[in-house]
Number of protein chains: 2
Amino acid sequence: MAGDGTDQRALQYEQTLMYGRYTQELGVYAKEEAARLRESGQRRSVSERSRNLDLLEYDKGRCAKCRRSGYPYVLQPPAQDFLSVCTVRCQKFLISRVGEDWIFLILLGLVMALVSWVVDFCIAICLQAQKWMYGGLDSNVFLQYLAWVTYPVVLITFSAGFTQILAPQAVGSGIPEMKTILRGVVLKEYLTFKTFVAKVIGLTCALGSGMPLGKEGPFVHIASLCAALLSKFMSLFGGIYENESRNIEMLAAACAVGVGCCFAAPIGGVLFSIEVTSTFFAVRNYWRGFFAATFSAFIFRVLAVWNKDEETITALFKTNFRLDFPFDLQELPAFAVIGIASGFGGALFVYLNRLIVQFIRNQKAINKFLMKKRLLYPALVTLLVSTLTFPPGFGQFMAGKLTQKEALVTLLDNHTWAKQGIAEEFDFLGNAQAWKHPQVNVFVTLVLFIVMKFWMSALATTIPVPCGAFMPVFVIGAAFGRLVGESMAAWFPDGIHSDGAIYTIVPGGYAVVGAAALSGAVTHTVSTSVIVFELTGQISHILPVMIAVILANAVAQSLQPSLYDSIIRIKKLPYLPELGWGHHEKYNIRVEDIMVRDVRYITLNCCYRDLHNVLLTGHLKTLALVESAESMILLGSIERAQLQSLLSQQLGRPRRLEFIRERAAAEKKRTSVISNSISEEENRRASQEVRFQISTEESSFSPTRPVPQKPLKPALKRSSVVERPTELPPNSNDNSGIALKNLFCASPEMEGLEDDGDVEDDMTIREIAEWEENQLDEQVNFNNCKIDPAPFQLVERTSLHKTHTIFSLLGLDHAYVTSIGRLIGVVSLKELRKAIEGSVTVKGVKVRPPLASFRDSGTSSSENEATELHKLWDRHKSMSLPREPTSSESEEKSQ
Amino acid sequence: MAGDGTDQRALQYEQTLMYGRYTQELGVYAKEEAARLRESGQRRSVSERSRNLDLLEYDKGRCAKCRRSGYPYVLQPPAQDFLSVCTVRCQKFLISRVGEDWIFLILLGLVMALVSWVVDFCIAICLQAQKWMYGGLDSNVFLQYLAWVTYPVVLITFSAGFTQILAPQAVGSGIPEMKTILRGVVLKEYLTFKTFVAKVIGLTCALGSGMPLGKEGPFVHIASLCAALLSKFMSLFGGIYENESRNIEMLAAACAVGVGCCFAAPIGGVLFSIEVTSTFFAVRNYWRGFFAATFSAFIFRVLAVWNKDEETITALFKTNFRLDFPFDLQELPAFAVIGIASGFGGALFVYLNRLIVQFIRNQKAINKFLMKKRLLYPALVTLLVSTLTFPPGFGQFMAGKLTQKEALVTLLDNHTWAKQGIAEEFDFLGNAQAWKHPQVNVFVTLVLFIVMKFWMSALATTIPVPCGAFMPVFVIGAAFGRLVGESMAAWFPDGIHSDGAIYTIVPGGYAVVGAAALSGAVTHTVSTSVIVFELTGQISHILPVMIAVILANAVAQSLQPSLYDSIIRIKKLPYLPELGWGHHEKYNIRVEDIMVRDVRYITLNCCYRDLHNVLLTGHLKTLALVESAESMILLGSIERAQLQSLLSQQLGRPRRLEFIRERAAAEKKRTSVISNSISEEENRRASQEVRFQISTEESSFSPTRPVPQKPLKPALKRSSVVERPTELPPNSNDNSGIALKNLFCASPEMEGLEDDGDVEDDMTIREIAEWEENQLDEQVNFNNCKIDPAPFQLVERTSLHKTHTIFSLLGLDHAYVTSIGRLIGVVSLKELRKAIEGSVTVKGVKVRPPLASFRDSGTSSSENEATELHKLWDRHKSMSLPREPTSSESEEKSQ
């Protein structure tokens, strides 16, 4: 099976390198796998197949688990055994006394501060090593170049390879994934220990290479990983950590910690993480973020003091602008210009980043080539970037020898570099000398720096290593601000203030404004302003920064999605887009315009065959349960896994063995031919007894465990594919996909337990098929099935706006559309996403569903939402078609 | 009716002075009023009564309107006439082009900045005038005292009187009310132009008096008023401003503007307003707050520059601490001590404030006396406070001559006042001299200042004038911080830092920390930290401030509710309390434990008499509509007003005139005796025609207008009270209350329109009663009735925690509890509030509903929420009692 593993890894590699399609790829993979299994012959021995599937189960179980645990408001059955129940009981009391929330948050903050500090320390060592190598070889330019270039290439390649092998999920910033997870869609594979290790080590190497990459995004992900792992660890001691919605709250706090310990910016961290990851924010969680982020930032800075890097706790990039007169009122237009230009720049950055990804993905030739040599792309990009920044080469014109941190420190410098256009008058101290070039003006250096770093950053962030884009963008923004500031200083050498004292212009202040504005534009946040205050330790430029950030946001948001939303779209993560700024026409689209009318449902009196068919044809997580096909009254929803376990119980080996045992017993007693009907009767009774026994066992031992899912080894799959080829065409791969999924539910430990029966499985394939056919005709017994009796319901007149709000607020995945209790449709995230994206395209062209337009004229939204009863009632009475009861009426309306 | 007006005003006075019970008092008032009307004889002429009721309508209509407009997700029918529809159409296009949101926000910011600046300016003049008077009379201490005392007494008395007369709703800070309004409960009377005027003028006078009162809370209210009025004004031009949920979003932004323009703190303003007013916050509204608050703060500070108060835009209370070494790591324990002590202090302040209010309210004698002389209480309190601060008297020991602003500036001063315990060594510059006393140590002055101001502020904020408590608390906190700082400075004269340079301790930094911590503890917010950074213009103390604020919050939140929540409880505003910190036992309470099983409902086939009876017995805003009493299938909910209008249509004068006309026509034709049945038949047909006509008119002219609510002058009330005394005991005041409410729906203009019929109302009282009895027996026609087809539904197993989340997220007022579509109960805010408060008392004693305890052992919450279908289904089949279908079962369970 080694070949399988490699293939699969290649597929995952493609996924992450090319921002592959999250859901689709997995589905395709499952189909291919299924097809291969089918081809290799159905007559394989049972043991061989099960081994096959066990191997698969390792990779796929995660998905199945996710599916089962669902979003916060749906029942999650954590696998919990008897032992842990006991320990939970004992420790519950102790834990509850200690006050578990703040202990968890302190631990999280502490761990993350340590991680952040260690990562920073390692990065600093890496960068120092590069400088040392470069400095030591100053006799030979070629050797110098080799050293300058090889070092980052090796580090980046290692980072890419390591991440790829250990956990491809660690690639990229992780903020888009966290946004999706906090939205309620559980991507469990993104929160494993492997991912943690891969992300931390990969990030350290990537940043140690000196490429224009950021630490902030990955730290959000690392903090979330840390919280998830800590939560899992703590759940050994207390039951509270098993609560799904609590874990989501803790993840939200962890995101704040991530930013907080990265920049030593607790307030900015909390706000940035809220803006970037949440749609609706519960104020009662606010303190968690503040508490953990403050503690984390505190420890992070204390470590620096203990390490004698700092004398006391200060800001990371401390500035020293004058306090008495930070800026003149008349400088504000310049700040506004920075804001607007940054807005365009930010949108361009997002666009460029997406363009690069899509270009590489779409060019088949490039794609195939890069696919084969997986680490070539990172190496090539690194080579290009580091060649261009080589200090004796082109790098001399763009301060190439400065690391990102050094560049930022010099850009926020308090001194003015250029006075009246001549840079030479001033002393450039320390690192600031890098900006000074004997032949070239400082303005040219700055412009080159901005332009080169701009595309380099956009390119570098597409490398498949753990990396963020915040810091590079921040530095570019600072450089742009500095450029404007230096220009202003050259234009008004004595400041603008007319009367009294002379206050010269401080270009460093412009750099602060530019940094906040550009990073705000790229991420679509206003809290970057708070981050710059905390980073620089000065708040004197608050109003210019706020004005610039807001203007930058206004411009950027009207042009492009944020960088994170852009990645979400590229990766096709299951996320709901925002309703844009004041798009009020969305009040006119209703659920009935977007809902899927052909709902998959099961009825209360259906037989197992119906169940089977429904499971085969659809792939929804939950299925609607209606009273009958005539009434269509919605009774609740059942999770797919529940139905699968019902089916596997009915067709499973234990039941078949039971049947054989019964048959054998009957044969022994009578030794005559038994009529088929009696045996069936007895069989049914016996199975019911067995089932009841199981259910009581469950309630006494582990009440949260789902109905034990027995594997159905020769059962369902063969019965549907092999024995009934006419009913289902062999091309329908979904089919085997279902069977596979059914099999994935099996836990390997259970197999041992079953084979110790006292009867031998002496049935032939033919007999088994016959028995299964009979079993399928029985009516479904829903007794042991967990049913959600209140799935979320909407009415057909609910507006898109309201639907969006409800979906985002409650983290819904789908909602049923009912009309006086009768199921008439279903809306899932997909439809909603389509509707929102269809009506608001980024270019400003609005495509609206045809039904929406006729309602525009004169009717207010409030009136339409109330469906008048008599209409509903008439419809109810005259209803004949159970499936599409309102289609005729809605067509009438559209006339 | 002058007497009525006075009584009523007295009652409102009591309400606001004593933090009267919002809902109850109004109900009591309505009952009293109704009783008086009844006593004065039913045989009064119709015109006289209607005049009576019109007068009432003036005060009560507001309530009725609120009730109708409801919470954001329910239909609101704004009164809109044909003309405005036309103008709306024309202007809609224009408005939508301009981008209405930011225009609105800019206008709001501009207006509020102007208001804030003007208020500040007036306050400064008032305070200057007092100083001038006090300074001018320095020859005679008695005259000086008189001037010192009279001035604030006059101002406060004027403020109290003015507010009382114009709009008693303007009393207090307004944040609790805003919290309630943003929760979705519309208190329209708090958002009128009168309240705006009363609040602004009352606040200016109150703060001009120099009492320890704050500006911040009222400014939140003023900004919201401003937004509501602006929104109303803008709705003349565009239809978008009529959207209720949009208005709520704008109110949230306005709260941010209020804080932002008050302190020139845009970021702190946004965060503080979110923390103080919201439970769940939509991140998509974030930019609104930032945008408006930044603009407002900008204009506010620009006005100061233009007025030559400042040279450029700076912070309000600019500090000038050293940047290179703001504090030593070893000072952190002192900061933590400040935080913890502030936490206790904050809780004490809230407790003291509530104690004073409750003491005055409970002492019958005091209460009665103060009731009679309404302005005595404010005058007495002012007299007491200003006597104690009289500078030549006791005031010399507590820097009494400083205004609040001056005190804060001196407390944040950069100099150290005390070195080694001796204050005299240093020069006290300017206002800081007030802290220096020849005989008394500066520590004693500070302690006296803190103690005296503490109770003075708690007392002063109970005066019925527009005032907040934030600023006084902030100053007290700063003084406390200063005290600790000075102590530290005296303890470590050369600073704590051991190696190298000497860094002395900066007591001003401690003052900043103390201010943030105490105000954070009183308001239960952490964003006060951001406010202090913005107020002082320095962020160097970020970590000490954050640590102190978080500790203060942790202590205060575990002891007392926040000041605003305390006022909400005192005023009994309809607000849902928060679930406390990590109270996980609330996961074990279910909706079935707290729901009201006796639901008022109407059936689809009920007659008008049932409607009438239901309306008489309950007072819920909406009523459930079920299919029939047997099936109890929930079809939707109908607003009370809709039912009332149905009933009034059925019994109204136009219909009766129609009946008379019909009868007259029939008499003319045949001139013989007509059988009763035929006339009724015709009558019904005719009325249906009329009704349909109305409905088409509505849809063409003003679709959002409710069914016109005709007054039923001799109708309902008499029929229920006079004619059927046996059916309803005369003591049941509810009865007439209902009738009154019915009558309030009448708009006075409509009366004129009706009387121009061509027939004379020649029916006798007897005949009318008979006719009404007949009318009541008809079956209700729900055709023109607006029905919400998807009222929010829960299932009986929904946990309290989930219910709370859903209620707060969606701003619900009530939710129906259903079991497979059948109505079995209802949960309203009241029950939820009771359940939460019952299980979490402030003292830490947890009272839990008896049913909740049995579930504690061993069952996890996730399993219980899924009701097993077979149980539900069995219950459905065996159901015999329509009203309490699950009572027997739940009793079973509790065994």
# chains A, B, ... in the order shown; residues from 1 in each chain; ligands from 1
>>> residues_around(residues="Ala256 of chain A", least_positions_apart="3", cutoff="10 Å", atoms="only C-alpha atoms", output="PyMOL selection string")
chain A and resi 109+219-220+223-224+250-253+259-262+265-274+277+286+288-294+296
>>> residues_around(residues="Leu812 of chain B", least_positions_apart="3", cutoff="8 Å", atoms="only C-alpha atoms", output="PyMOL selection string")
chain B and resi 71+184+806-809+815+829
>>> closest_residue(among="B:Ala264, B:Leu657, B:Ile476, B:Val555", to="Phe295 of chain B", atoms="only C-alpha atoms")
B:Ala264
>>> closest_residue(among="B:Thr525, B:Asn353, B:Thr461, B:Thr163", to="chain A", atoms="only C-alpha atoms")
B:Thr525
>>> closest_residue(among="B:Leu143, B:Val337, B:Ala129, B:Ile550", to="chain A", atoms="only C-alpha atoms")
B:Ile550
>>> atom_distance(atom1="atom CA of Ile570 of chain A", atom2="atom CA of Val591 of chain A")
26.7 Å
>>> closest_residue(among="A:Glu662, A:Asp610, A:Asp788, A:Glu177", to="chain B", atoms="only C-alpha atoms")
A:Asp788
>>> select_by_dssp(residues="segment 204-393 of chain A", states="helix (DSSP H, G or I)", output="PyMOL selection string")
chain A and resi 204-208+216-234+239-242+244-263+266-277+283-306+329-362+364-372+376-389
>>> atom_distance(atom1="atom CA of Ile201 of chain A", atom2="atom CA of Pro466 of chain A")
9.0 Å
>>> atom_distance(atom1="atom CA of Trp491 of chain A", atom2="atom CA of Phe443 of chain A")
13.0 Å
>>> residues_around(residues="Leu352 of chain A", least_positions_apart="4", cutoff="10 Å", atoms="only C-alpha atoms", output="list in words")
Gly346, Ala347, Leu348, Ile356, Val357, Gln358, Phe454, Trp455, Ser457, Ala458 and Leu459 of chain A
>>> write_last_selection(atoms="all heavy atoms", output="tab-separated table (two decimals), in the first residue's frame")
chain	number	residue	atom	x	y	z
A	346	GLY	N	-3.73	47.98	-1.52
A	346	GLY	CA	-4.17	46.76	-0.85
A	346	GLY	C	-4.99	45.87	-1.77
A	346	GLY	O	-4.78	44.66	-1.85
A	347	ALA	N	-5.91	46.51	-2.50
A	347	ALA	CA	-6.73	45.74	-3.44
A	347	ALA	C	-5.85	45.12	-4.51
A	347	ALA	O	-6.03	43.96	-4.90
A	347	ALA	CB	-7.77	46.66	-4.07
A	348	LEU	N	-4.87	45.88	-4.98
A	348	LEU	CA	-3.95	45.38	-6.00
A	348	LEU	C	-3.18	44.18	-5.46
A	348	LEU	O	-2.97	43.19	-6.18
A	348	LEU	CB	-2.99	46.49	-6.41
A	348	LEU	CG	-2.02	46.15	-7.55
A	348	LEU	CD1	-2.79	45.87	-8.83
A	348	LEU	CD2	-1.03	47.30	-7.77
A	356	ILE	N	-1.50	35.25	-9.30
A	356	ILE	CA	-0.34	34.35	-9.36
A	356	ILE	C	-0.79	32.91	-9.12
A	356	ILE	O	-0.45	32.00	-9.89
A	356	ILE	CB	0.72	34.78	-8.32
A	356	ILE	CG1	1.31	36.14	-8.70
A	356	ILE	CG2	1.83	33.74	-8.23
A	356	ILE	CD1	2.15	36.77	-7.63
A	357	VAL	N	-1.60	32.73	-8.09
A	357	VAL	CA	-2.09	31.39	-7.78
A	357	VAL	C	-2.85	30.81	-8.96
A	357	VAL	O	-2.62	29.68	-9.39
A	357	VAL	CB	-2.98	31.41	-6.52
A	357	VAL	CG1	-3.61	30.05	-6.32
A	357	VAL	CG2	-2.19	31.80	-5.31
A	358	GLN	N	-3.75	31.61	-9.53
A	358	GLN	CA	-4.59	31.10	-10.61
A	358	GLN	C	-3.79	30.86	-11.87
A	358	GLN	O	-4.05	29.93	-12.61
A	358	GLN	CB	-5.75	32.07	-10.86
A	358	GLN	CG	-6.82	31.89	-9.80
A	358	GLN	CD	-7.91	32.91	-9.91
A	358	GLN	OE1	-7.74	33.94	-10.55
A	358	GLN	NE2	-9.04	32.65	-9.27
A	454	PHE	N	6.63	44.71	-3.17
A	454	PHE	CA	5.21	44.50	-3.39
A	454	PHE	C	4.98	43.19	-4.13
A	454	PHE	O	4.27	42.30	-3.66
A	454	PHE	CB	4.64	45.68	-4.17
A	454	PHE	CG	3.15	45.74	-4.18
A	454	PHE	CD1	2.48	46.33	-3.12
A	454	PHE	CD2	2.40	45.22	-5.22
A	454	PHE	CE1	1.10	46.40	-3.11
A	454	PHE	CE2	1.03	45.27	-5.22
A	454	PHE	CZ	0.38	45.87	-4.16
A	455	TRP	N	5.62	43.06	-5.29
A	455	TRP	CA	5.36	41.82	-6.04
A	455	TRP	C	6.07	40.64	-5.40
A	455	TRP	O	5.58	39.51	-5.44
A	455	TRP	CB	5.68	41.99	-7.51
A	455	TRP	CG	7.12	42.15	-7.90
A	455	TRP	CD1	7.75	43.32	-8.19
A	455	TRP	CD2	8.10	41.13	-8.05
A	455	TRP	NE1	9.06	43.10	-8.50
A	455	TRP	CE2	9.30	41.76	-8.42
A	455	TRP	CE3	8.09	39.74	-7.88
A	455	TRP	CZ2	10.50	41.06	-8.64
A	455	TRP	CZ3	9.28	39.05	-8.10
A	455	TRP	CH2	10.47	39.71	-8.47
A	457	SER	N	6.42	40.07	-2.23
A	457	SER	CA	5.58	39.58	-1.12
A	457	SER	C	4.39	38.82	-1.68
A	457	SER	O	4.02	37.75	-1.17
A	457	SER	CB	5.09	40.75	-0.27
A	457	SER	OG	6.17	41.48	0.22
A	458	ALA	N	3.78	39.38	-2.71
A	458	ALA	CA	2.62	38.71	-3.30
A	458	ALA	C	3.01	37.34	-3.83
A	458	ALA	O	2.24	36.37	-3.73
A	458	ALA	CB	2.03	39.57	-4.41
A	459	LEU	N	4.22	37.25	-4.38
A	459	LEU	CA	4.70	35.98	-4.92
A	459	LEU	C	5.10	35.03	-3.79
A	459	LEU	O	4.73	33.85	-3.78
A	459	LEU	CB	5.89	36.24	-5.84
A	459	LEU	CG	6.52	35.03	-6.53
A	459	LEU	CD1	5.53	34.37	-7.47
A	459	LEU	CD2	7.75	35.47	-7.33
>>> decode(residues="segment 620-644 of chain A", atoms="N, CA, C and O atoms", output="CSV table (one decimal), in the first residue's frame")
chain,number,residue,atom,x,y,z
A,620,LEU,N,-26.1,14.6,1.6
A,620,LEU,CA,-26.3,15.6,2.7
A,620,LEU,C,-26.0,15.0,4.0
A,620,LEU,O,-26.1,13.8,4.2
A,621,LYS,N,-25.5,15.9,4.9
A,621,LYS,CA,-25.2,15.4,6.3
A,621,LYS,C,-26.4,14.9,7.0
A,621,LYS,O,-26.3,14.0,7.8
A,622,THR,N,-27.5,15.6,6.9
A,622,THR,CA,-28.7,15.2,7.6
A,622,THR,C,-29.8,15.1,6.6
A,622,THR,O,-29.9,15.7,5.6
A,623,LEU,N,-30.8,14.3,7.0
A,623,LEU,CA,-32.0,14.1,6.1
A,623,LEU,C,-33.2,14.4,6.9
A,623,LEU,O,-33.3,14.2,8.1
A,624,ALA,N,-34.2,15.0,6.2
A,624,ALA,CA,-35.4,15.4,6.8
A,624,ALA,C,-36.3,14.1,7.0
A,624,ALA,O,-36.3,13.2,6.2
A,625,LEU,N,-37.0,14.1,8.2
A,625,LEU,CA,-37.9,13.1,8.4
A,625,LEU,C,-39.3,13.7,8.4
A,625,LEU,O,-39.6,14.6,9.2
A,626,VAL,N,-40.1,13.2,7.5
A,626,VAL,CA,-41.5,13.7,7.4
A,626,VAL,C,-42.5,12.7,7.8
A,626,VAL,O,-42.2,11.5,7.9
A,627,GLU,N,-43.7,13.1,8.2
A,627,GLU,CA,-44.7,12.2,8.6
A,627,GLU,C,-45.0,11.2,7.6
A,627,GLU,O,-45.0,10.0,7.7
A,628,SER,N,-45.4,11.7,6.4
A,628,SER,CA,-45.7,10.8,5.2
A,628,SER,C,-45.5,11.6,4.0
A,628,SER,O,-45.4,12.9,4.0
A,629,ALA,N,-45.3,10.9,2.9
A,629,ALA,CA,-45.1,11.7,1.6
A,629,ALA,C,-46.3,12.5,1.2
A,629,ALA,O,-46.2,13.5,0.5
A,630,GLU,N,-47.5,12.2,1.7
A,630,GLU,CA,-48.7,13.0,1.4
A,630,GLU,C,-48.7,14.3,2.3
A,630,GLU,O,-48.9,15.3,1.8
A,631,SER,N,-48.6,14.1,3.6
A,631,SER,CA,-48.7,15.3,4.4
A,631,SER,C,-47.5,16.1,4.4
A,631,SER,O,-47.5,17.3,4.5
A,632,MET,N,-46.3,15.5,4.3
A,632,MET,CA,-45.0,16.2,4.3
A,632,MET,C,-44.8,17.0,5.5
A,632,MET,O,-44.0,18.0,5.5
A,633,ILE,N,-45.4,16.7,6.6
A,633,ILE,CA,-45.2,17.4,7.9
A,633,ILE,C,-43.8,17.1,8.4
A,633,ILE,O,-43.5,15.9,8.6
A,634,LEU,N,-43.0,18.1,8.6
A,634,LEU,CA,-41.6,17.9,9.1
A,634,LEU,C,-41.6,17.5,10.5
A,634,LEU,O,-42.1,18.2,11.4
A,635,LEU,N,-41.0,16.3,10.8
A,635,LEU,CA,-41.0,15.9,12.2
A,635,LEU,C,-39.6,16.1,12.8
A,635,LEU,O,-39.4,16.2,14.0
A,636,GLY,N,-38.6,16.2,12.0
A,636,GLY,CA,-37.3,16.4,12.5
A,636,GLY,C,-36.2,16.0,11.5
A,636,GLY,O,-36.6,15.8,10.3
A,637,SER,N,-35.0,16.0,11.9
A,637,SER,CA,-33.9,15.6,11.0
A,637,SER,C,-33.1,14.6,11.6
A,637,SER,O,-32.9,14.5,12.8
A,638,ILE,N,-32.6,13.7,10.8
A,638,ILE,CA,-31.7,12.6,11.3
A,638,ILE,C,-30.4,12.7,10.6
A,638,ILE,O,-30.3,13.0,9.4
A,639,GLU,N,-29.3,12.5,11.4
A,639,GLU,CA,-28.0,12.6,10.8
A,639,GLU,C,-27.8,11.4,9.9
A,639,GLU,O,-28.2,10.3,10.2
A,640,ARG,N,-27.0,11.6,8.8
A,640,ARG,CA,-26.7,10.5,7.9
A,640,ARG,C,-26.1,9.3,8.6
A,640,ARG,O,-26.4,8.2,8.3
A,641,ALA,N,-25.2,9.6,9.6
A,641,ALA,CA,-24.5,8.5,10.2
A,641,ALA,C,-25.5,7.6,11.0
A,641,ALA,O,-25.3,6.4,11.1
A,642,GLN,N,-26.5,8.3,11.5
A,642,GLN,CA,-27.5,7.5,12.3
A,642,GLN,C,-28.2,6.5,11.3
A,642,GLN,O,-28.4,5.4,11.7
A,643,LEU,N,-28.6,7.0,10.2
A,643,LEU,CA,-29.3,6.2,9.2
A,643,LEU,C,-28.3,5.0,8.7
A,643,LEU,O,-28.8,3.9,8.6
A,644,GLN,N,-27.1,5.4,8.5
A,644,GLN,CA,-26.1,4.4,8.1
A,644,GLN,C,-26.0,3.3,9.2
A,644,GLN,O,-25.9,2.1,8.8
